[in-house]
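Visitor: Handing over data30.txt, compact mmCIF, C-alpha atoms.
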# COMPACT_ATOMS: atom_id res chain seq x y z
CA MET A 313 -34.52 51.63 -81.66
CA LYS A 314 -35.94 53.50 -84.67
CA GLN A 315 -32.97 52.44 -86.77
CA THR A 316 -33.53 48.82 -85.78
CA LEU A 317 -37.21 48.97 -86.76
CA LYS A 318 -36.31 50.47 -90.13
CA THR A 319 -33.99 47.57 -90.89
CA ILE A 320 -36.77 44.99 -90.48
CA PRO A 321 -37.97 43.99 -93.98
CA VAL A 322 -41.61 43.92 -95.01
CA SER A 323 -41.63 40.11 -95.14
CA ALA A 324 -40.55 39.93 -91.49
CA TRP A 325 -43.26 42.41 -90.49
CA VAL A 326 -45.81 40.23 -92.28
CA GLY A 327 -44.54 37.22 -90.34
CA ILE A 328 -44.60 39.08 -87.03
CA LEU A 329 -48.16 40.24 -87.73
CA GLY A 330 -49.32 36.71 -88.55
CA ILE A 331 -47.74 35.25 -85.42
CA THR A 332 -49.13 38.07 -83.26
CA VAL A 333 -52.67 37.56 -84.51
CA CYS A 334 -52.50 33.80 -83.85
CA VAL A 335 -50.98 34.20 -80.39
CA LEU A 336 -53.43 36.92 -79.33
CA GLY A 337 -56.33 34.83 -80.58
CA ALA A 338 -55.08 31.86 -78.57
CA LEU A 339 -54.52 33.88 -75.39
CA LEU A 340 -57.78 35.83 -75.58
CA ALA A 341 -59.99 32.99 -76.83
CA PRO A 342 -62.43 33.06 -73.87
CA TRP A 343 -63.10 36.76 -74.49
CA VAL A 344 -62.93 37.16 -78.28
CA ALA A 345 -64.66 33.94 -79.41
CA PRO A 346 -68.31 34.83 -80.00
CA TYR A 347 -69.73 31.42 -79.04
CA ASP A 348 -68.91 28.25 -77.13
CA PRO A 349 -66.90 26.18 -79.63
CA ASN A 350 -68.77 22.94 -78.83
CA VAL A 351 -72.36 24.22 -78.91
CA VAL A 352 -74.53 23.43 -81.94
CA LEU A 353 -76.03 26.69 -83.20
CA GLY A 354 -77.70 25.80 -86.49
CA ALA A 355 -77.78 23.56 -89.52
CA PRO A 356 -74.59 21.76 -90.59
CA TRP A 357 -72.42 23.77 -92.97
CA ALA A 358 -74.67 26.80 -92.86
CA GLU A 359 -73.37 29.62 -95.03
CA ARG A 360 -71.68 32.78 -93.79
CA SER A 361 -73.86 35.46 -92.27
CA ALA A 362 -73.63 38.49 -90.01
CA GLU A 363 -74.22 36.19 -87.05
CA PHE A 364 -71.68 33.59 -88.17
CA PRO A 365 -68.93 35.34 -90.21
CA LEU A 366 -67.23 32.06 -91.25
CA GLY A 367 -70.35 29.89 -91.29
CA LEU A 368 -70.98 26.68 -89.36
CA ASP A 369 -69.13 23.36 -89.41
CA ASN A 370 -70.31 19.81 -90.10
CA LEU A 371 -72.25 19.66 -86.83
CA GLY A 372 -73.55 23.24 -86.87
CA ARG A 373 -70.93 24.76 -84.56
CA ASP A 374 -69.52 28.25 -85.16
CA LEU A 375 -66.37 28.00 -87.28
CA LEU A 376 -64.92 31.30 -86.09
CA SER A 377 -65.19 30.29 -82.43
CA ARG A 378 -63.65 26.88 -83.09
CA LEU A 379 -60.88 28.49 -85.13
CA ILE A 380 -59.98 30.83 -82.26
CA TRP A 381 -60.10 28.08 -79.63
CA GLY A 382 -58.27 25.74 -81.99
CA ALA A 383 -55.40 28.22 -82.15
CA ARG A 384 -55.02 27.94 -78.37
CA MET A 385 -54.77 24.13 -78.37
CA THR A 386 -52.64 23.86 -81.54
CA LEU A 387 -50.13 26.46 -80.32
CA PHE A 388 -50.04 25.05 -76.79
CA VAL A 389 -49.15 21.53 -77.94
CA ALA A 390 -46.67 22.78 -80.56
CA VAL A 391 -44.86 25.18 -78.20
CA VAL A 392 -44.67 22.76 -75.25
CA ALA A 393 -43.49 19.88 -77.46
CA THR A 394 -40.84 22.10 -79.11
CA LEU A 395 -39.57 23.41 -75.77
CA LEU A 396 -39.34 19.89 -74.38
CA ALA A 397 -37.61 18.67 -77.55
CA PHE A 398 -35.03 21.45 -77.35
CA THR A 399 -34.38 20.89 -73.67
CA LEU A 400 -33.80 17.19 -74.26
CA GLY A 401 -31.94 17.48 -77.55
CA VAL A 402 -29.66 20.39 -76.66
CA VAL A 403 -28.61 19.06 -73.24
CA LEU A 404 -27.88 15.55 -74.53
CA SER A 405 -26.05 16.80 -77.62
CA LEU A 406 -23.79 19.15 -75.67
CA VAL A 407 -23.06 16.54 -73.03
CA ALA A 408 -22.19 14.03 -75.77
CA ALA A 409 -19.85 16.48 -77.48
CA VAL A 410 -18.12 17.52 -74.26
CA MET A 411 -17.72 14.06 -72.72
CA ARG A 412 -16.95 12.25 -76.01
CA GLY A 413 -15.98 8.57 -75.83
CA LEU A 414 -18.65 5.97 -75.11
CA VAL A 415 -21.21 8.57 -74.06
CA ASP A 416 -20.96 10.32 -77.42
CA VAL A 417 -21.01 7.05 -79.39
CA GLY A 418 -23.97 5.63 -77.44
CA LEU A 419 -26.14 8.75 -77.70
CA SER A 420 -25.25 9.30 -81.37
CA ARG A 421 -26.10 5.72 -82.38
CA LEU A 422 -29.39 5.85 -80.45
CA ASN A 423 -30.20 9.12 -82.20
CA ASP A 424 -29.34 7.61 -85.60
CA LEU A 425 -31.61 4.66 -84.85
CA LEU A 426 -34.58 6.89 -84.04
CA MET A 427 -33.96 9.09 -87.08
CA SER A 428 -33.84 6.06 -89.38
CA ILE A 429 -37.54 5.40 -88.68
CA PRO A 430 -39.92 7.69 -90.64
CA THR A 431 -41.28 10.24 -88.19
CA LEU A 432 -44.95 9.94 -89.06
CA ILE A 433 -44.93 6.13 -89.11
CA PHE A 434 -43.14 6.02 -85.74
CA ALA A 435 -45.65 8.44 -84.23
CA LEU A 436 -48.63 6.53 -85.61
CA ILE A 437 -47.36 3.22 -84.19
CA VAL A 438 -46.57 4.64 -80.74
CA LEU A 439 -49.76 6.69 -80.44
CA SER A 440 -51.86 3.71 -81.55
CA ALA A 441 -50.37 1.58 -78.77
CA LEU A 442 -50.40 4.16 -75.97
CA PRO A 443 -53.34 6.01 -74.37
CA GLN A 444 -54.32 8.99 -76.52
CA THR A 445 -53.83 11.68 -73.89
CA LEU A 446 -52.41 15.15 -74.32
CA GLY A 447 -49.33 14.32 -72.23
CA VAL A 448 -48.48 11.24 -74.31
CA LEU A 449 -48.94 13.22 -77.53
CA ILE A 450 -46.57 15.98 -76.37
CA VAL A 451 -43.90 13.53 -75.18
CA VAL A 452 -43.98 11.55 -78.45
CA MET A 453 -43.68 14.73 -80.52
CA ALA A 454 -40.86 16.00 -78.31
CA VAL A 455 -38.83 12.79 -78.50
CA LEU A 456 -39.12 12.66 -82.29
CA ASP A 457 -38.18 16.33 -82.65
CA ALA A 458 -35.31 16.02 -80.17
CA THR A 459 -33.44 13.74 -82.61
CA ARG A 460 -33.15 16.62 -85.11
CA VAL A 461 -32.14 19.04 -82.39
CA PHE A 462 -29.52 16.57 -81.10
CA ARG A 463 -27.91 16.31 -84.53
CA LEU A 464 -27.63 20.08 -84.92
CA GLY A 465 -26.54 20.68 -81.33
CA ARG A 466 -23.81 18.03 -81.52
CA ALA A 467 -22.49 19.44 -84.81
CA LEU A 468 -22.25 22.91 -83.30
CA ALA A 469 -20.75 21.66 -80.05
CA MET A 470 -18.09 19.54 -81.77
CA ASP A 471 -16.71 22.69 -83.38
CA LEU A 472 -16.86 24.63 -80.12
CA VAL A 473 -15.25 22.03 -77.83
CA ALA A 474 -12.11 22.11 -79.98
CA MET A 475 -11.59 25.82 -79.28
CA GLU A 476 -9.11 27.19 -76.79
CA PHE A 477 -11.58 28.60 -74.25
CA VAL A 478 -13.13 25.15 -73.76
CA GLU A 479 -9.74 23.51 -73.39
CA ALA A 480 -8.83 26.18 -70.87
CA ALA A 481 -11.96 25.35 -68.86
CA ARG A 482 -10.99 21.67 -68.88
CA LEU A 483 -7.51 22.50 -67.62
CA ARG A 484 -9.02 24.57 -64.81
CA GLY A 485 -10.87 21.44 -63.73
CA GLU A 486 -14.36 22.69 -64.51
CA ARG A 487 -17.15 20.11 -64.41
CA THR A 488 -18.88 18.85 -67.54
CA LEU A 489 -22.18 20.63 -66.88
CA TRP A 490 -20.34 23.89 -66.17
CA ILE A 491 -18.56 23.65 -69.54
CA VAL A 492 -21.84 22.77 -71.28
CA PHE A 493 -23.91 25.64 -69.89
CA ARG A 494 -21.25 28.34 -69.42
CA GLU A 495 -18.89 27.83 -72.34
CA VAL A 496 -20.56 25.86 -75.15
CA LEU A 497 -24.27 26.73 -74.97
CA PRO A 498 -23.95 30.56 -75.08
CA ASN A 499 -21.85 30.31 -78.25
CA ALA A 500 -24.30 27.93 -79.93
CA LEU A 501 -27.42 29.85 -78.92
CA THR A 502 -28.03 31.88 -82.10
CA PRO A 503 -28.30 28.99 -84.59
CA LEU A 504 -30.27 27.00 -82.02
CA LEU A 505 -32.81 29.81 -81.69
CA ALA A 506 -33.24 29.89 -85.47
CA GLU A 507 -33.71 26.13 -85.45
CA PHE A 508 -36.30 26.54 -82.69
CA GLY A 509 -38.46 28.59 -85.04
CA LEU A 510 -38.21 25.98 -87.78
CA ARG A 511 -38.98 23.15 -85.34
CA LEU A 512 -42.00 25.10 -84.05
CA ALA A 513 -43.38 25.44 -87.58
CA PHE A 514 -42.83 21.72 -88.10
CA ALA A 515 -44.59 20.96 -84.81
CA VAL A 516 -47.67 22.93 -85.91
CA LEU A 517 -47.81 20.93 -89.14
CA PHE A 518 -47.13 17.66 -87.33
CA ILE A 519 -49.83 18.05 -84.68
CA SER A 520 -52.28 19.09 -87.39
CA THR A 521 -51.39 15.98 -89.40
CA LEU A 522 -51.83 13.70 -86.40
CA SER A 523 -55.17 15.28 -85.56
CA PHE A 524 -56.29 14.90 -89.16
CA LEU A 525 -55.46 11.18 -88.93
CA GLY A 526 -57.36 10.85 -85.65
CA LEU A 527 -54.35 10.34 -83.34
CA GLY A 528 -53.70 13.90 -82.27
CA ILE A 529 -55.90 16.16 -80.14
CA GLN A 530 -59.12 14.28 -79.54
CA PRO A 531 -62.63 15.70 -80.16
CA PRO A 532 -64.60 17.59 -79.08
CA THR A 533 -61.56 19.75 -78.20
CA PRO A 534 -61.10 22.09 -81.18
CA ASP A 535 -57.81 22.17 -83.06
CA TRP A 536 -56.99 23.11 -86.61
CA GLY A 537 -56.04 19.66 -87.88
CA GLY A 538 -59.16 18.13 -86.39
CA MET A 539 -61.30 20.86 -87.96
CA VAL A 540 -59.92 20.00 -91.40
CA LYS A 541 -60.74 16.34 -90.79
CA ASP A 542 -64.28 17.07 -89.57
CA ASN A 543 -65.13 19.26 -92.56
CA LYS A 544 -63.22 17.61 -95.40
CA ASP A 545 -66.35 15.94 -96.81
CA GLY A 546 -67.92 19.35 -97.33
CA ILE A 547 -65.46 20.09 -100.14
CA ILE A 548 -67.37 17.60 -102.31
CA PHE A 549 -70.47 19.77 -101.94
CA GLY A 550 -68.66 23.05 -102.47
CA VAL A 551 -68.50 23.92 -98.76
CA SER A 552 -65.25 25.69 -97.82
CA ALA A 553 -65.37 24.94 -94.07
CA ALA A 554 -62.25 22.73 -94.27
CA LEU A 555 -60.29 25.48 -96.03
CA VAL A 556 -60.61 27.89 -93.10
CA PRO A 557 -58.44 25.94 -90.60
CA GLY A 558 -56.19 24.85 -93.47
CA MET A 559 -55.55 28.49 -94.29
CA ALA A 560 -54.85 29.23 -90.61
CA ILE A 561 -52.21 26.46 -90.51
CA ALA A 562 -50.60 27.84 -93.67
CA VAL A 563 -50.58 31.43 -92.39
CA LEU A 564 -48.97 30.48 -89.07
CA THR A 565 -46.26 28.26 -90.56
CA VAL A 566 -45.39 30.76 -93.30
CA SER A 567 -45.29 33.59 -90.74
CA ILE A 568 -42.88 31.66 -88.54
CA ASN A 569 -40.63 30.90 -91.51
CA LEU A 570 -40.59 34.54 -92.61
CA VAL A 571 -39.41 35.65 -89.17
CA VAL A 572 -36.82 32.85 -88.97
CA ASP A 573 -35.45 33.76 -92.42
CA TRP A 574 -35.02 37.37 -91.32
CA LEU A 575 -33.28 36.36 -88.09
CA LEU A 576 -30.88 34.09 -90.00
CA LYS A 577 -30.04 36.83 -92.50
CA ARG A 578 -29.60 39.38 -89.70
CA THR A 579 -27.29 37.02 -87.80
CA SER A 580 -25.22 36.38 -90.92
CA SER A 581 -24.89 40.09 -91.66
CA LEU A 582 -23.83 40.85 -88.08
CA LYS A 583 -21.17 38.14 -88.25
CA GLY A 584 -19.99 39.48 -91.59
CA GLY A 585 -19.77 43.00 -90.17
CA ARG A 586 -17.69 41.83 -87.22
CA GLY A 587 -15.43 39.89 -89.56
CA ASP A 588 -14.80 42.90 -91.75
CA GLY A 589 -13.91 44.99 -88.74
Just give me the structure as structure tokens.

Guide:
Amino acid sequence: MKQTLKTIPVSAWVGILGITVCVLGALLAPWVAPYDPNVVLGAPWAERSAEFPLGLDNLGRDLLSRLIWGARMTLFVAVVATLLAFTLGVVLSLVAAVMRGLVDVGLSRLNDLLMSIPTLIFALIVLSALPQTLGVLIVVMAVLDATRVFRLGRALAMDLVAMEFVEAARLRGERTLWIVFREVLPNALTPLLAEFGLRLAFAVLFISTLSFLGLGIQPPTPDWGGMVKDNKDGIIFGVSAALVPGMAIAVLTVSINLVVDWLLKRTSSLKGGRGDG
């Protein structure tokens, strides 16, 4: 255990620390946030003080409290959408690779069609037409993200289904789902986990972008993208309220990428070590 901890680089520790702070803030928001995030406490864009360490926002609400509660909503939507995207994308991609034929062609062409439409434009059109609820937002994000997961999962599975252990399972008469979940998925898990981290970072940026454009998490519910939108006009007057949630978004996404980079390098080194042996 000590040897494993020593092998973790400083950059990965920085990423782990950043993720931990964000997650703990989200989980403990009702207890660590000093004020109700939707209560007006003073003048708009009041400066920092001992009472309000980050100052107040455009309506006079405590920025620190909204930042902490915003972490909960931003992370919740990003994590749920990414999990749903991976469930949908991985299952469909592995089924397509294992079954081949018309199933593979049909799913691949549908995936290509969805990927040919710019993600942000597609999301804006769909969210403008549908009710702006949290469930609709998560489903739209998941479907768009699942196309990227499908492409990676199919590429990995196509290499795996040509191997002898999969052919042996076919000859034994195993069912398609058994081959998918018992033979193919365990061998594709490592690169998929790394991709999960990257997709999660993208989901945080994407939900923040949608909220900034007014089609994401709806006010008065606090989230980081919405906080940037609410306070962007303050930059003209030298008020840094919009920079606080912007910095939080940057810290979280960079932290996730630092951890993912370390995991990818660690996986590559382990594979190299096994190959040398």

Visitor: Between A:Asp416, A:Ala397, A:Leu468, A:Val410, which has the minimum distance to Glu486 (chain A) (counting only C-alpha atoms)?

Guide: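 Checking each candidate against Glu486 (chain A), we get A:Val410 as the closest.
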
Visitor: What's the separation between CA of Leu436 (chain A) and CA of Leu512 (chain A), in Å to one decimal place?

Guide: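 Interatomic distance, CA of Leu436 (chain A) to CA of Leu512 (chain A): 19.8 Å.
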
Visitor: With all atoms listed in the file counted and 9 Å as the cut-off, give the residues of region 440-474 of chain A in contact with region 493-502 of chain A, each with its shortest interatomic distance in Å and the pair that gives it, as a Markdown table.

Guide:
| residue | atom | partner | partner_atom | distance |
| --- | --- | --- | --- | --- |
| A:Gly465 | CA | A:Ala500 | CA | 7.7 |
| A:Leu468 | CA | A:Ala500 | CA | 6.4 |
| A:Ala469 | CA | A:Val496 | CA | 6.5 |
| A:Leu472 | CA | A:Val496 | CA | 6.3 |
| A:Val473 | CA | A:Val496 | CA | 7.1 |

Visitor: Which polymer residues have any atom within 9 Å of an atom of Asn370 (chain A), counting only C-alpha atoms, with same-chain residues fewer than 3 positions away left out, as a VMD selection string?

Guide: chain A and resid 355 to 358 373 542 to 543 545 to 546 553

Visitor: One decimal, in Å: what's the spacing between CA of Gly330 (chain A) and CA of Trp343 (chain A)?

Guide: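 These atoms are spaced 19.7 Å apart.
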